[in-house]
file input-v3.cif (mmCIF, C-alpha atoms and all ligand atoms)
data_input
loop_
_atom_site.label_atom_id
_atom_site.label_comp_id
_atom_site.auth_asym_id
_atom_site.auth_seq_id
_atom_site.Cartn_x
_atom_site.Cartn_y
_atom_site.Cartn_z
CA MET A 12 9.72 -14.89 -2.27
CA ILE A 13 12.07 -11.94 -2.10
CA VAL A 14 11.34 -8.29 -1.42
CA ARG A 15 13.45 -5.61 -3.05
CA TYR A 16 13.39 -1.94 -3.90
CA ALA A 17 11.74 -1.18 -7.24
CA THR A 18 14.02 0.51 -9.78
CA PRO A 19 13.13 2.81 -12.69
CA ASP A 20 13.29 -0.31 -14.92
CA ASP A 21 10.25 -1.61 -13.03
CA LEU A 22 8.05 1.36 -13.95
CA GLY A 23 6.25 -0.53 -16.75
CA THR A 24 5.60 -3.51 -14.47
CA LEU A 25 4.19 -1.28 -11.76
CA LEU A 26 1.89 0.53 -14.18
CA ASP A 27 0.74 -2.90 -15.47
CA PHE A 28 -0.09 -3.97 -11.90
CA ARG A 29 -2.18 -0.87 -11.51
CA ARG A 30 -3.97 -1.40 -14.83
CA GLU A 31 -4.72 -5.02 -14.02
CA ALA A 32 -6.09 -4.14 -10.56
CA SER A 33 -8.17 -1.35 -12.04
CA GLN A 34 -9.70 -3.72 -14.63
CA TRP A 35 -10.43 -6.29 -11.93
CA LEU A 36 -12.14 -3.66 -9.79
CA SER A 37 -14.07 -2.25 -12.71
CA ALA A 38 -15.38 -5.73 -13.60
CA GLN A 39 -16.89 -5.82 -10.08
CA GLY A 40 -18.53 -2.43 -10.58
CA ILE A 41 -16.08 -0.72 -8.19
CA ASP A 42 -14.96 2.75 -9.22
CA GLN A 43 -11.61 2.62 -7.40
CA TRP A 44 -8.46 3.41 -9.42
CA ARG A 45 -10.33 4.22 -12.66
CA LYS A 46 -7.82 6.95 -13.55
CA PRO A 47 -4.43 5.69 -14.70
CA TYR A 48 -1.75 6.43 -12.13
CA PRO A 49 0.57 9.23 -13.34
CA PRO A 50 3.86 7.57 -14.42
CA ASP A 51 5.91 10.59 -13.30
CA LEU A 52 4.60 10.29 -9.74
CA MET A 53 5.30 6.56 -9.72
CA LEU A 54 8.83 7.18 -10.98
CA ALA A 55 9.42 9.85 -8.32
CA SER A 56 8.30 7.39 -5.62
CA ILE A 57 10.63 4.72 -7.01
CA LYS A 58 13.55 7.15 -6.98
CA GLN A 59 12.78 8.06 -3.37
CA GLY A 60 13.16 4.38 -2.47
CA ASN A 61 9.57 4.04 -1.30
CA VAL A 62 8.34 1.39 -3.75
CA PHE A 63 8.84 -2.30 -3.04
CA LEU A 64 8.41 -5.33 -5.25
CA PHE A 65 7.87 -8.92 -4.22
CA ASP A 66 9.32 -11.48 -6.62
CA VAL A 67 8.74 -15.20 -6.97
CA ASP A 68 11.08 -17.09 -9.27
CA GLY A 69 12.31 -13.78 -10.68
CA GLN A 70 8.83 -12.51 -11.47
CA ALA A 71 7.22 -9.56 -9.69
CA VAL A 72 3.93 -10.65 -8.11
CA ALA A 73 3.05 -7.84 -5.71
CA THR A 74 3.96 -4.33 -4.70
CA VAL A 75 3.53 -1.83 -1.92
CA THR A 76 4.65 1.77 -1.42
CA LEU A 77 5.64 2.92 2.06
CA ASP A 78 5.98 6.59 2.90
CA ASP A 79 7.03 8.03 6.21
CA GLU A 80 4.74 11.00 5.64
CA ASP A 81 1.23 11.33 4.29
CA LEU A 82 1.12 12.16 0.59
CA GLU A 83 -2.25 13.89 0.82
CA PRO A 84 -2.06 16.73 3.30
CA GLY A 85 -5.21 17.40 5.26
CA ALA A 86 -6.27 13.82 5.94
CA TRP A 87 -4.40 13.12 9.17
CA THR A 88 -4.29 15.79 11.89
CA ASP A 89 -1.09 17.55 12.94
CA VAL A 90 -1.14 15.61 16.21
CA GLU A 91 -1.40 12.31 14.33
CA LEU A 92 1.28 13.33 11.85
CA ALA A 93 3.64 14.06 14.74
CA GLU A 94 3.45 10.39 15.76
CA PRO A 95 6.02 8.16 14.04
CA ALA A 96 4.16 6.15 11.40
CA LEU A 97 4.56 4.47 8.03
CA TYR A 98 1.87 5.09 5.42
CA VAL A 99 0.87 2.19 3.16
CA HIS A 100 -0.05 2.95 -0.44
CA LYS A 101 -0.79 1.00 -3.62
CA LEU A 102 -0.77 -2.44 -2.03
CA THR A 103 -1.39 -4.68 -5.04
CA VAL A 104 -1.16 -8.41 -5.70
CA ARG A 105 -1.26 -9.69 -9.26
CA ARG A 106 -4.57 -11.39 -9.82
CA GLU A 107 -3.01 -14.73 -10.75
CA ARG A 108 -1.44 -14.76 -7.25
CA ALA A 109 -4.46 -13.43 -5.35
CA GLY A 110 -6.31 -15.37 -2.67
CA ARG A 111 -3.21 -16.73 -0.90
CA GLN A 112 -2.96 -14.07 1.83
CA LEU A 113 -0.02 -12.37 0.13
CA GLY A 114 -1.51 -9.00 1.07
CA SER A 115 -1.51 -10.05 4.70
CA LEU A 116 2.12 -11.13 4.50
CA ILE A 117 3.10 -7.82 2.91
CA LEU A 118 1.28 -5.86 5.61
CA ASP A 119 3.15 -7.87 8.28
CA TRP A 120 6.42 -7.16 6.49
CA ALA A 121 5.54 -3.44 6.41
CA ASP A 122 4.66 -3.66 10.10
CA ASP A 123 8.01 -5.21 10.89
CA ARG A 124 9.87 -2.62 8.81
CA ALA A 125 7.94 0.18 10.49
CA ALA A 126 8.58 -1.21 13.98
CA ARG A 127 12.31 -1.48 13.25
CA THR A 128 12.45 2.20 12.30
CA GLY A 129 10.71 3.18 15.52
CA ALA A 130 7.29 3.84 14.00
CA ARG A 131 4.26 3.43 16.20
CA TRP A 132 1.59 3.06 13.54
CA LEU A 133 1.03 1.51 10.15
CA ARG A 134 -1.52 3.73 8.45
CA LEU A 135 -3.47 3.85 5.23
CA ASP A 136 -6.17 5.76 3.43
CA ALA A 137 -8.49 3.47 1.51
CA TRP A 138 -10.97 4.29 -1.24
CA THR A 139 -13.76 6.12 0.56
CA THR A 140 -16.73 4.28 -0.93
CA ASN A 141 -15.27 0.76 -1.13
CA THR A 142 -16.81 -1.01 1.84
CA LYS A 143 -15.46 -4.40 0.78
CA LEU A 144 -11.93 -3.00 0.90
CA HIS A 145 -12.65 -1.51 4.34
CA ALA A 146 -13.78 -4.95 5.51
CA TYR A 147 -10.52 -6.41 4.20
CA TYR A 148 -8.41 -3.96 6.22
CA LEU A 149 -10.53 -4.41 9.37
CA GLU A 150 -9.91 -8.15 9.01
CA GLN A 151 -6.20 -7.38 8.84
CA GLY A 152 -6.36 -5.76 12.27
CA PHE A 153 -6.65 -2.12 11.21
CA GLN A 154 -8.93 0.21 13.11
CA HIS A 155 -10.97 2.76 11.27
CA VAL A 156 -9.94 6.20 12.54
CA ARG A 157 -12.40 8.36 10.56
CA THR A 158 -13.54 9.06 7.03
CA VAL A 159 -12.45 12.37 5.57
CA THR A 160 -14.73 13.72 2.88
CA GLU A 161 -13.20 17.16 2.42
CA GLY A 162 -11.62 17.90 -0.94
CA SER A 163 -8.20 16.62 -1.81
CA ALA A 164 -5.43 19.12 -1.22
CA VAL A 165 -3.47 17.57 -4.09
CA ASN A 166 -5.88 17.91 -7.02
CA GLY A 167 -8.60 20.09 -5.53
CA GLY A 168 -11.27 17.48 -6.37
CA PRO A 169 -13.27 15.34 -3.95
CA ARG A 170 -11.19 13.17 -1.68
CA VAL A 171 -11.51 9.67 -3.09
CA SER A 172 -9.27 7.93 -0.54
CA GLY A 173 -10.59 9.24 2.75
CA TRP A 174 -11.18 6.08 4.80
CA LEU A 175 -8.35 6.40 7.32
CA ALA A 176 -7.20 3.41 9.32
CA GLN A 177 -4.22 2.35 11.40
CA ARG A 178 -2.84 -0.53 13.38
CA PRO A 179 -0.01 -0.54 15.93
CA CYS A 180 3.35 -1.66 14.52
CA ARG A 181 5.08 -4.68 15.90
CA PRO A 182 8.05 -6.77 14.85
CA HIS A 183 7.32 -9.99 12.96
CA THR A 184 9.87 -12.76 12.96
CA SER A 185 9.96 -15.66 10.50
CA LEU A 186 7.96 -14.09 7.71
CA GLY A 187 9.60 -16.49 5.27
CA LEU A 188 10.72 -13.66 3.02
CA GLU A 189 14.21 -12.92 1.77
CA ASP A 190 14.54 -9.18 2.42
CA LEU A 191 17.05 -7.69 -0.01
CA THR A 192 16.25 -4.16 1.14
CA ARG A 193 18.15 -4.71 4.37
CA SER A 194 21.45 -4.98 2.55
CA ALA A 195 20.71 -2.57 -0.33
CA GLN A 196 22.25 0.90 -0.34
CA ARG A 197 19.64 3.65 -0.39
C1 LIG A 201 -5.70 -6.00 -1.35
C2 LIG A 201 -4.90 -7.11 -2.03
C3 LIG A 201 -3.43 -6.69 -2.12
C4 LIG A 201 -4.98 -8.37 -1.15
O1 LIG A 201 -4.44 -9.46 -1.88
P1 LIG A 201 -4.59 -10.98 -1.37
O2 LIG A 201 -3.90 -11.13 -0.07
O3 LIG A 201 -4.17 -11.87 -2.46
O4 LIG A 201 -6.13 -11.15 -1.05
P2 LIG A 201 -7.37 -11.17 -2.07
O5 LIG A 201 -7.02 -10.54 -3.37
O6 LIG A 201 -7.90 -12.56 -2.10
O7 LIG A 201 -8.36 -10.19 -1.30
C5 LIG A 201 -9.00 -10.56 -0.07
C6 LIG A 201 -10.47 -10.19 -0.14
O8 LIG A 201 -10.57 -8.77 -0.23
C7 LIG A 201 -11.27 -8.40 -1.41
N1 LIG A 201 -10.65 -7.17 -1.94
C8 LIG A 201 -9.33 -6.88 -2.02
N2 LIG A 201 -9.16 -5.65 -2.54
C9 LIG A 201 -10.39 -5.19 -2.82
C10 LIG A 201 -10.85 -3.98 -3.37
N3 LIG A 201 -10.02 -3.00 -3.72
N4 LIG A 201 -12.19 -3.84 -3.53
C11 LIG A 201 -13.05 -4.81 -3.14
N5 LIG A 201 -12.65 -5.97 -2.61
C12 LIG A 201 -11.33 -6.15 -2.45
C13 LIG A 201 -11.09 -9.56 -2.37
O9 LIG A 201 -12.11 -9.60 -3.34
C14 LIG A 201 -11.16 -10.74 -1.41
O10 LIG A 201 -12.51 -10.97 -1.08
P3 LIG A 201 -13.07 -12.46 -0.93
O11 LIG A 201 -12.36 -13.01 0.28
O12 LIG A 201 -14.53 -12.25 -0.75
O13 LIG A 201 -12.69 -13.17 -2.18
C15 LIG A 201 -5.44 -7.43 -3.45
O14 LIG A 201 -6.77 -7.89 -3.34
C16 LIG A 201 -5.41 -6.28 -4.41
O15 LIG A 201 -4.43 -6.10 -5.12
N6 LIG A 201 -6.53 -5.53 -4.46
C17 LIG A 201 -6.69 -4.47 -5.47
C18 LIG A 201 -5.86 -3.28 -5.15
C19 LIG A 201 -6.29 -2.60 -3.87
O16 LIG A 201 -7.42 -2.22 -3.68
N7 LIG A 201 -5.31 -2.43 -2.96
C20 LIG A 201 -5.53 -1.71 -1.72
C21 LIG A 201 -5.25 -0.27 -1.93
S1 LIG A 201 -5.61 0.70 -0.49
#
call {"tool": "encode", "arguments": {"input": "input-v3.cif", "output": "structure tokens", "more": "lines below"}}
Ligand SMILES: CC(C)(COP(=O)(O)OP(=O)(O)OC[C@H]1O[C@@H](n2cnc3c(N)ncnc32)[C@H](O)[C@@H]1OP(=O)(O)O)[C@@H](O)C(=O)NCCC(=O)NCCS
result
Amino acid sequence: MIVRYATPDDLGTLLDFRREASQWLSAQGIDQWRKPYPPDLMLASIKQGNVFLFDVDGQAVATVTLDDEDLEPGAWTDVELAEPALYVHKLTVRRERAGRQLGSLILDWADDRAARTGARWLRLDAWTTNTKLHAYYLEQGFQHVRTVTEGSAVNGGPRVSGWLAQRPCRPHTSLGLEDLTRSAQR
């Protein structure tokens, strides 16, 4: 498996990932990710170099977005935001590849990347009402920090991703991934 930066040519693939995950969630009666993700925001993230794709045999099988600041102001406190951290978003594994701990591998890769840039924490905000997803992240070594229910500063509506969690970053050796981002110009 290789990890690389997503390019604007990958926009369609990334939106497909999102659609597939949303359908899978909906089939389980989970209301997460019902709204289609705005393509312009996805494209902006790609252009910022924050979107990563994981390929097997030339086919994209998973993605994650890593930001060095929180996209939704008001969730983390100013004190927390002052601590060096990477923020995980849109972690998604294609369903045909699910169940093989790929998510875990990607989180370790993100951990390693974060640790190498001097970050202290790997953080995320998960869908507020999705307790099964919370259980997944707790199993991955994240600690729940708090749940923020105040309205989203971005769209003014209720905050749908307010379950905040973090785990300390540490380097991981021998992940068994070819990391093309280390040599790519950004
Ligand atoms: C999270 C994810 C990347 C992990 O991929 P993976 O390593 O292949 O692991 P799995 O898909 O087998 O998920 C592990 C367990 O968590 C559960 N899970 C994962 N995401 C979930 C979600 N959003 N809602 C409810 N349960 C979820 C799976 O059903 C599975 O449960 P099981 O062990 O009872 O079968 C993948 O499940 C995924 O793409 N989920 C949908 C998108 C998502 O919610 N991403 C997180 C955004 S914060």
call {"tool": "atom_distance", "arguments": {"input": "input-v3.cif", "atom1": "atom CA of Asp190 of chain A", "atom2": "atom O2 of ligand LIG 201 (chain A)"}}
result
18.7 Å
call {"tool": "closest_atom_pairs", "arguments": {"input": "input-v3.cif", "of": "segment 118-143 of chain A", "to": "segment 12-16 of chain A", "cutoff": "12 Å", "atoms": "only C-alpha atoms", "output": "tab-separated table"}}
result
residue	atom	partner	partner_atom	distance
A:Trp120	CA	A:Val14	CA	9.4
A:Ala121	CA	A:Val14	CA	10.9
A:Arg124	CA	A:Val14	CA	11.8
call {"tool": "residues_near_ligand", "arguments": {"input": "input-v3.cif", "ligand": "ligand LIG 201 (chain A)", "cutoff": "9 Å", "atoms": "all atoms listed in the file", "output": "PyMOL selection string"}}
result
chain A and resi 28-29+31-33+35-36+39+41+43-44+73-75+99-117+135-138+141-148+172
call {"tool": "atom_distance", "arguments": {"input": "input-v3.cif", "atom1": "atom CA of Val72 of chain A", "atom2": "atom CA of Arg127 of chain A"}}
result
24.7 Å
call {"tool": "axis_aligned_box", "arguments": {"input": "input-v3.cif", "around": "segment 109-119 of chain A", "padding_each_side": "4 Å", "output": "AutoDock Vina command-line options"}}
result
--center_x -1.6 --center_y -11.3 --center_z 1.5 --size_x 17.5 --size_y 18.9 --size_z 21.6
call {"tool": "atom_distance", "arguments": {"input": "input-v3.cif", "atom1": "atom CA of Thr140 of chain A", "atom2": "atom CA of Arg157 of chain A"}}
result
12.9 Å
call {"tool": "closest_residue", "arguments": {"input": "input-v3.cif", "among": "A:Pro169, A:Asp81, A:Ala93, A:Pro182", "to": "Asp122 of chain A", "atoms": "all atoms listed in the file"}}
result
A:Pro182
call {"tool": "residues_around", "arguments": {"input": "input-v3.cif", "residues": "segment 46-58 of chain A", "least_positions_apart": "2", "cutoff": "10 Å", "atoms": "only C-alpha atoms", "output": "list in words"}}
result
Tyr16, Ala17, Thr18, Pro19, Asp20, Asp21, Leu22, Gly23, Leu25, Leu26, Arg29, Arg30, Ser33, Asp42, Gln43, Trp44, Gly60, Asn61, Val62, Phe63, Thr76, Leu77, Asp78 and Arg197 of chain A
